[in-house]
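The file upload20.txt comes next; it holds compact mmCIF, C-alpha atoms.
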# COMPACT_ATOMS: atom_id res chain seq x y z
CA MET A 390 37.47 2.16 -27.78
CA ALA A 391 36.08 0.79 -31.01
CA SER A 392 33.32 -1.28 -29.44
CA ALA A 393 31.61 1.70 -27.78
CA ASN A 394 28.39 3.08 -29.23
CA PRO A 395 29.08 6.72 -30.33
CA GLU A 396 25.52 7.91 -29.71
CA ARG A 397 25.49 6.36 -26.27
CA MET A 398 28.83 7.97 -25.49
CA ARG A 399 27.47 11.39 -26.41
CA SER A 400 24.43 10.85 -24.20
CA VAL A 401 26.53 10.05 -21.15
CA ASN A 402 29.07 12.83 -21.64
CA ALA A 403 26.66 15.37 -20.14
CA ALA A 404 26.15 13.16 -17.12
CA ALA A 405 29.91 12.69 -16.80
CA ALA A 406 30.33 16.29 -15.69
CA LEU A 407 28.32 15.50 -12.56
CA ALA A 408 30.38 12.50 -11.54
CA THR A 409 33.44 14.08 -9.96
CA ALA A 410 32.97 12.29 -6.64
CA ALA A 411 33.78 8.59 -6.25
CA THR A 412 32.29 6.05 -3.86
CA ALA A 413 33.69 2.73 -2.63
CA VAL A 414 31.35 -0.19 -1.99
CA LEU A 415 33.64 -1.88 0.51
CA PHE A 416 36.29 0.10 2.38
CA ALA A 417 38.45 -2.95 2.91
CA GLY A 418 38.77 -3.37 -0.82
CA CYS A 419 39.83 0.20 -1.53
CA ALA A 420 43.29 1.69 -1.49
CA GLY A 421 44.71 -1.56 -0.22
CA GLY A 422 42.84 -1.12 3.06
CA HIS A 423 44.85 1.94 4.16
CA PRO A 424 42.55 4.79 5.27
CA ASN A 425 45.19 7.47 4.76
CA ARG A 426 45.34 6.68 1.05
CA VAL A 427 41.61 7.06 0.37
CA PRO A 428 41.65 10.88 -0.14
CA ASP A 429 44.50 10.48 -2.64
CA ILE A 430 42.25 8.43 -4.90
CA GLY A 431 39.53 11.09 -4.73
CA LYS A 432 42.01 13.76 -5.83
CA ARG A 433 43.45 11.61 -8.60
CA LEU A 434 40.02 11.21 -10.14
CA LEU A 435 40.16 14.90 -11.03
CA LEU A 436 43.51 14.58 -12.80
CA SER A 437 43.84 14.42 -16.56
CA GLY A 438 43.38 11.04 -18.18
CA SER A 439 46.92 11.36 -19.52
CA THR A 440 48.09 10.35 -16.01
CA TRP A 441 46.23 7.02 -16.14
CA HIS A 442 49.08 5.08 -17.73
CA SER A 443 51.52 6.18 -15.01
CA LEU A 444 49.51 4.24 -12.41
CA SER A 445 50.34 0.68 -11.40
CA ALA A 446 47.87 -2.11 -12.17
CA ARG A 447 46.76 -2.17 -8.53
CA GLU A 448 46.25 1.60 -8.46
CA ARG A 449 44.17 1.42 -11.64
CA THR A 450 41.92 -1.21 -10.08
CA ASN A 451 41.43 0.91 -6.97
CA MET A 452 40.66 3.95 -9.11
CA ALA A 453 38.18 1.93 -11.15
CA ARG A 454 36.43 0.76 -7.99
CA TYR A 455 35.90 4.34 -6.82
CA CYS A 456 34.98 5.87 -10.15
CA ARG A 457 32.57 3.04 -11.02
CA GLN A 458 30.30 3.94 -8.10
CA ALA A 459 30.31 7.62 -9.03
CA ALA A 460 29.53 6.64 -12.62
CA ALA A 461 26.63 4.50 -11.37
CA VAL A 462 25.17 7.42 -9.42
CA SER A 463 25.47 9.63 -12.49
CA ALA A 464 23.72 7.02 -14.64
CA GLY A 465 20.99 6.58 -12.04
CA ARG A 466 20.29 10.29 -11.79
CA ALA A 467 20.01 10.54 -15.58
CA ASP A 468 17.56 7.61 -15.75
CA ARG A 469 14.12 9.13 -16.32
CA MET A 470 12.47 5.74 -15.81
CA ALA A 471 13.37 5.73 -12.10
CA SER A 472 12.31 8.20 -9.41
CA ALA A 473 15.65 7.77 -7.59
CA PRO A 474 19.05 6.29 -8.50
CA ILE A 475 18.59 3.29 -6.19
CA TYR A 476 15.58 2.20 -8.31
CA SER A 477 17.44 2.61 -11.61
CA ASP A 478 18.45 -0.35 -13.75
CA SER A 479 21.24 1.82 -15.15
CA TYR A 480 22.63 2.39 -11.64
CA HIS A 481 22.75 -1.33 -10.86
CA ALA A 482 24.08 -2.26 -14.30
CA VAL A 483 27.04 0.09 -13.89
CA THR A 484 27.82 -1.20 -10.38
CA ALA A 485 27.90 -4.72 -11.88
CA VAL A 486 30.62 -3.86 -14.43
CA ASP A 487 33.69 -6.03 -13.80
CA LEU A 488 36.58 -3.98 -12.38
CA GLY A 489 39.22 -5.69 -14.50
CA ARG A 490 37.21 -5.10 -17.64
CA LEU A 491 36.61 -1.47 -16.70
CA SER A 492 40.29 -0.86 -15.94
CA ALA A 493 41.38 -2.36 -19.27
CA ALA A 494 38.76 -0.33 -21.16
CA LEU A 495 39.95 2.86 -19.46
CA SER A 496 43.50 2.13 -20.60
CA ARG A 497 42.27 1.94 -24.19
CA TRP A 498 40.09 5.02 -23.72
CA PHE A 499 42.86 7.27 -22.40
CA ALA A 500 45.30 6.02 -25.03
CA MET A 501 43.20 7.94 -27.56
CA ARG A 502 44.42 11.50 -28.06
CA ASP A 503 40.92 13.02 -27.97
CA HIS A 504 40.27 11.57 -24.50
CA ALA A 505 43.55 12.36 -22.76
CA SER A 506 42.35 15.82 -21.69
CA GLN A 507 39.31 14.43 -19.84
CA THR A 508 39.52 13.84 -16.12
CA ILE A 509 39.76 10.22 -15.04
CA GLN A 510 36.26 10.41 -13.57
CA GLN A 511 34.77 11.83 -16.76
CA GLY A 512 36.32 9.06 -18.82
CA CYS A 513 35.24 6.44 -16.31
CA THR A 514 31.64 7.66 -16.37
CA ALA A 515 31.51 7.39 -20.16
CA VAL A 516 33.28 4.02 -20.34
CA ALA A 517 31.35 2.39 -17.49
CA ALA A 518 28.04 3.44 -19.06
CA SER A 519 29.10 1.92 -22.39
CA LEU A 520 30.01 -1.38 -20.71
CA ALA A 521 26.88 -1.62 -18.56
CA GLN A 522 24.46 -4.29 -19.74
CA VAL A 523 21.15 -2.78 -18.71
CA ARG A 524 19.12 -5.18 -20.83
CA LEU A 525 20.26 -8.13 -18.73
CA LEU A 526 18.57 -6.53 -15.72
CA ALA A 527 15.53 -4.99 -17.35
CA ASN A 528 13.58 -8.17 -18.12
CA GLY A 529 12.78 -9.06 -14.53
CA PRO A 530 10.97 -9.98 -12.51
CA TYR A 531 12.73 -8.44 -9.52
CA ALA A 532 12.42 -5.67 -6.94
CA ARG A 533 14.81 -2.80 -6.22
CA PHE A 534 14.54 -1.85 -2.55
CA ALA A 535 15.54 1.52 -1.14
CA PRO A 536 17.42 1.91 2.16
CA PRO A 537 17.32 0.91 4.94
CA LEU A 538 17.05 -2.49 3.26
CA ARG A 539 20.47 -3.89 2.32
CA ASN A 540 21.12 -6.53 -0.32
CA GLY A 541 24.02 -8.94 -0.13
CA GLY A 542 24.51 -12.51 -1.27
CA GLY A 543 20.88 -12.89 -2.30
CA ILE A 544 19.66 -11.92 1.19
CA LEU A 545 17.81 -8.71 2.08
CA ALA A 546 18.43 -7.35 5.58
CA ALA A 547 17.21 -4.45 7.70
CA HIS A 548 17.55 -3.24 11.29
CA SER A 549 14.59 -1.77 13.15
CA THR A 550 14.27 -0.23 16.59
CA ALA A 551 10.46 -0.40 16.51
CA SER A 552 7.83 -3.08 15.98
CA SER A 553 6.91 -1.62 12.59
CA LEU A 554 8.92 -0.89 9.45
CA ASP A 555 8.07 0.56 6.03
CA LEU A 556 10.00 -0.59 2.96
CA SER A 557 9.90 0.93 -0.53
CA ALA A 558 10.76 -0.79 -3.79
CA ARG A 559 10.47 -0.54 -7.55
CA VAL A 560 9.06 -3.70 -9.12
CA VAL A 561 10.06 -4.82 -12.63
CA PRO A 562 8.08 -5.33 -14.77
CA PRO A 563 5.52 -2.83 -13.42
CA ARG A 564 2.68 -5.35 -13.72
CA ALA A 565 4.50 -7.93 -11.58
CA ARG A 566 3.19 -8.79 -8.11
CA LEU A 567 5.25 -8.57 -4.93
CA LEU A 568 4.28 -11.01 -2.20
CA VAL A 569 5.41 -11.31 1.41
CA ARG A 570 5.43 -14.92 2.61
CA ARG A 571 6.44 -16.91 5.66
CA ALA A 572 9.95 -18.33 5.68
CA LEU A 573 8.82 -21.90 6.32
CA GLU A 574 12.31 -23.24 6.98
CA ARG A 575 12.88 -20.61 9.70
CA ALA A 576 11.40 -19.99 13.14
CA PRO A 577 7.74 -18.87 12.84
CA ASN A 578 6.67 -15.32 13.71
CA HIS A 579 3.49 -13.24 13.73
CA ILE A 580 4.64 -10.33 11.56
CA VAL A 581 1.75 -8.64 9.74
CA SER A 582 2.47 -7.33 6.23
CA ARG A 583 0.61 -5.09 3.80
CA VAL A 584 1.66 -4.32 0.23
CA ARG A 585 0.46 -1.08 -1.39
CA ARG A 586 0.98 -0.35 -5.09
CA GLY A 587 1.51 2.91 -6.93
CA GLY A 588 2.47 2.09 -10.51
CA SER A 589 5.83 0.34 -10.46
CA LEU A 590 6.54 1.54 -6.90
CA VAL A 591 5.55 -0.66 -3.98
CA ASN A 592 5.35 0.11 -0.28
CA VAL A 593 5.63 -2.84 2.12
CA GLU A 594 4.33 -2.16 5.64
CA LEU A 595 5.51 -4.58 8.33
CA GLU A 596 4.02 -4.63 11.83
CA ARG A 597 4.38 -6.72 14.99
CA ILE A 598 8.08 -7.32 14.36
CA PRO A 599 9.39 -9.23 17.40
CA LEU A 600 12.59 -8.45 19.26
CA GLY A 601 15.65 -10.25 17.97
CA ARG A 602 15.97 -11.79 14.53
CA SER A 603 13.06 -12.87 12.35
CA PHE A 604 12.66 -14.00 8.76
CA LEU A 605 10.27 -13.54 5.84
CA ARG A 606 10.28 -14.46 2.15
CA LEU A 607 9.79 -11.85 -0.58
CA GLU A 608 8.66 -13.00 -3.99
CA VAL A 609 8.04 -11.10 -7.22
CA ILE A 610 5.94 -12.92 -9.82
CA GLY A 611 5.65 -11.75 -13.42
CA ASP A 612 5.69 -13.09 -16.98
CA GLY A 613 5.47 -16.66 -15.72
CA ARG A 614 8.67 -16.36 -13.67
CA SER A 615 9.52 -15.53 -10.08
CA TRP A 616 12.23 -13.77 -8.05
CA ARG A 617 12.70 -14.83 -4.43
CA ARG A 618 14.75 -13.40 -1.58
CA LEU A 619 15.07 -14.13 2.12
CA LEU A 620 14.33 -11.05 4.27
CA VAL A 621 16.23 -10.89 7.57
CA LEU A 622 14.87 -8.43 10.15
CA ASP A 623 16.85 -7.52 13.26
CA ARG A 624 14.94 -5.60 15.90
CA GLY A 625 16.73 -4.18 18.90
CA PRO A 626 17.49 -0.98 20.79
CA ALA A 627 19.09 1.84 18.87
CA PRO A 628 22.84 2.16 19.34
CA ARG A 629 23.82 4.95 21.71
CA GLY A 630 24.61 7.39 18.91
CA ALA A 631 21.16 6.97 17.36
CA ARG A 632 19.23 8.18 20.39
CA ASP A 633 20.20 11.82 20.10
CA ARG A 634 17.35 13.58 18.29
CA ARG A 635 19.24 16.87 18.07
CA GLY A 636 21.14 15.83 14.97
CA LEU A 637 24.78 15.54 14.03
CA VAL A 638 27.27 17.18 11.70
CA LEU A 639 29.73 15.27 9.51
CA ARG A 640 32.76 17.13 8.15
CA GLY A 641 35.67 16.10 6.01
CA SER A 642 37.81 16.63 2.95
CA GLY A 643 37.69 14.04 0.19
CA PRO A 644 36.31 10.52 0.70
CA LYS A 645 35.68 9.37 4.26
CA VAL A 646 34.54 6.05 5.71
CA LEU A 647 32.34 5.79 8.82
CA ARG A 648 32.12 2.54 10.75
CA SER A 649 28.44 3.18 11.44
CA LEU A 650 25.80 5.83 10.92
CA ASN A 651 22.46 5.88 12.70
CA ILE A 652 19.68 7.90 11.07
CA PRO A 653 16.36 8.14 12.95
CA SER A 654 13.07 8.40 11.11
CA GLY A 655 12.12 11.81 9.75
CA TRP A 656 15.63 13.20 9.28
CA SER A 657 16.98 15.26 6.40
CA ALA A 658 20.45 16.25 5.24
CA VAL A 659 21.73 19.74 4.43
CA THR A 660 24.97 19.48 2.50
CA THR A 661 27.72 21.83 1.41
CA ALA A 662 30.45 20.63 -0.94
CA THR A 663 33.01 22.56 -2.94
CA GLY A 664 31.46 22.25 -6.37
CA ALA A 665 31.34 18.46 -6.64
CA PRO A 666 28.49 16.01 -6.05
CA LEU A 667 28.52 14.12 -2.76
CA THR A 668 27.15 10.65 -2.05
CA LEU A 669 26.65 8.48 1.03
CA THR A 670 26.53 4.73 0.45
CA SER A 671 26.50 1.60 2.58
CA GLY A 672 27.05 -1.53 0.55
CA ASP A 673 24.61 -1.25 -2.35
CA ALA A 674 22.36 1.13 -0.38
CA LEU A 675 22.43 4.68 -1.71
CA ILE A 676 21.64 6.86 1.30
CA LEU A 677 22.20 10.38 -0.07
CA VAL A 678 22.99 12.01 -3.40
CA HIS A 679 23.70 15.75 -3.35
CA GLY A 680 24.57 17.71 -6.47
CA PRO A 681 25.66 21.34 -6.95
CA ALA A 682 22.14 22.30 -8.05
CA ASP A 683 20.70 21.10 -4.73
CA GLY A 684 22.41 23.92 -2.82
CA ARG A 685 21.41 23.91 0.85
CA THR A 686 18.00 22.38 0.21
CA PRO A 687 17.19 19.75 2.89
CA ILE A 688 17.13 16.27 1.34
CA PRO A 689 15.19 13.54 3.19
CA VAL A 690 17.37 10.54 4.09
CA PRO A 691 16.11 7.01 4.80
CA ALA A 692 16.13 5.92 8.42
CA GLY A 693 18.35 3.02 9.38
CA HIS A 694 21.43 1.78 11.18
CA TYR A 695 24.13 1.64 8.49
CA ARG A 696 27.59 0.11 8.76
CA TRP A 697 30.72 1.01 6.77
CA VAL A 698 29.27 4.16 5.25
CA THR A 699 31.35 5.89 2.58
CA VAL A 700 31.08 9.64 2.12
CA ALA A 701 32.31 10.29 -1.41
CA ALA A 702 33.35 13.81 -2.31
CA VAL A 703 36.27 15.81 -3.61
CA GLY A 704 37.33 18.79 -1.55
CA ASP A 705 35.84 20.09 1.71
CA TRP A 706 32.29 19.12 2.62
CA THR A 707 29.78 19.24 5.46
CA VAL A 708 26.68 17.09 5.93
CA THR A 709 24.27 18.24 8.64
CA LEU A 710 21.75 15.56 9.62
CA GLY A 711 18.75 16.34 11.78
CA PRO A 712 14.96 16.25 12.16
CA SER A 713 13.03 17.64 9.21
CA ASP A 714 11.11 20.82 10.00
Please go through the file and, once you have read it, give me the structure as structure tokens.
Amino acid sequence: MASANPERMRSVNAAAALATAATAVLFAGCAGGHPNRVPDIGKRLLLSGSTWHSLSARERTNMARYCRQAAAVSAGRADRMASAPIYSDSYHAVTAVDLGRLSAALSRWFAMRDHASQTIQQGCTAVAASLAQVRLLANGPYARFAPPLRNGGGILAAHSTASSLDLSARVVPPRARLLVRRALERAPNHIVSRVRRGGSLVNVELERIPLGRSFLRLEVIGDGRSWRRLLVLDRGPAPRGARDRRGLVLRGSGPKVLRSLNIPSGWSAVTTATGAPLTLTSGDALILVHGPADGRTPIPVPAGHYRWVTVAAVGDWTVTLGPSD
């Protein structure tokens, strides 16, 4: 691929070795919507790039959708400017790469003799990183929120079972201000908010959240510009599966999609996977990233009620969720 930057390619090749698991953003858009075909895509990502040209156009698009998310996680973990992948501009820039453009670039990449021996995921990680336009995101102002906040269609949303909720975000540029305002065009409420700063990281504490649905406005102001989002808060009782404080165990082989996953506050995950990284995502929310170096170390996971959660892994895996000791 002549347009790729050679130095940038070399820098992402090391990260490519980590990205052997693929994650889908929307299950309905993957593998033509057939659950029994999802594991096949995970296995194909480990095949040699020489097999890429034997795939149909539709199969290449599905493969690109899976491998793009894994490439984004790899880029986010390698980003030293962010404390977690969800805060990384590189992560979000890779997830924004157009699937058609990525698929076409992979066809050119694997047509080169030197690249045919790479796995499809390794090639995808390198190509997606070269196509990502991080500079378009880096100017700001904006805020990157961690789970349980979900972002879709310019609206931020979260579910809470209590009258209080803590949200964490990275603000860009670091000197920008994040403000919590009333949503004047919506029903009034008496939610109390406090914003605490720690460098570029911001903690938003919300209290007196009423039952039902309520609305706030979030605004980031910096460099004479502003970034605004509507915040939708749904407070209600926890679904039945979320009330068990004893924990739960998820098991599978290859990618798996869960209709919902309820994680109470203060839980961690202990993960085993056969050599490959494992990720849990819900929409653009990155819930868990586990790499081979993490071993059986408990990893804190953000509380929330998540829908359409994708467990991305290759081979057998187990995720044990429960209260942190």
Minimum-distance residue to A:Leu607, chosen among A:Leu545, A:Gly655, A:Gly587, A:Val646 (using all atoms listed in the file):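 Using all atoms listed in the file, A:Leu607 sits closest to A:Leu545.
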Neighbour list for A:Val581 as a ChimeraX atom specification, cut-off 12 Å, only C-alpha atoms, skip fewer than 2 positions in-chain: /A:552-555,569-571,578-579,583-584,593-599,605
Quick check, in Å to one decimal: how far apart do atom CA of A:Pro626 and atom CA of A:Pro536 lie? 18.9 Å
Between A:Tyr455, A:Tyr480, A:Trp441, A:Phe534, which one has atoms that come closest to A:Val700, using all atoms listed in the file?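 For A:Val700, the nearest of the candidates is A:Tyr455.
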Using only C-alpha atoms, which residue out of A:Val483, A:Ala535, A:Met501, A:Val462 lies closest to A:Ser519?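 That would be A:Val483, the residue with the smallest distance to A:Ser519.
If you look at atom CA of A:Pro691 and atom CA of A:Ala518, they are 26.9 Å away from each other.
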What separation in Å, quoted to one decimal, exists between atom CA of A:Gly601 and atom CA of A:Leu573? 17.8 Å
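Within 6 Å of the point (26.9, 18.4, -7.4) in file coordinates, and counting all atoms listed in the file, lie the residues Ala665, Pro666, His679, Gly680 and Pro681 of chain A.
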Within 10 Å of A:Ala546, counting all atoms listed in the file, which residues qualify if same-chain residues fewer than 3 places away don't, as number ranges by chain? A: 536-541, 543, 604, 619-623
Nearest to A:Ala500, chosen from A:Arg648, A:Ser439, A:Leu600, A:His481, with all atoms listed in the file counted in the distances: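 Among the listed residues, A:Ser439 lies closest to A:Ala500.
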If we count all atoms listed in the file, what is near A:Thr660 at a cut-off of 9 Å, once residues fewer than 4 positions away on the same chain are taken out, given as a list in words? Leu667, His679, Asp683, Gly684, Arg685, Thr686, Pro687, Ile688, Trp706, Thr707, Val708, Thr709 and Leu710 of chain A
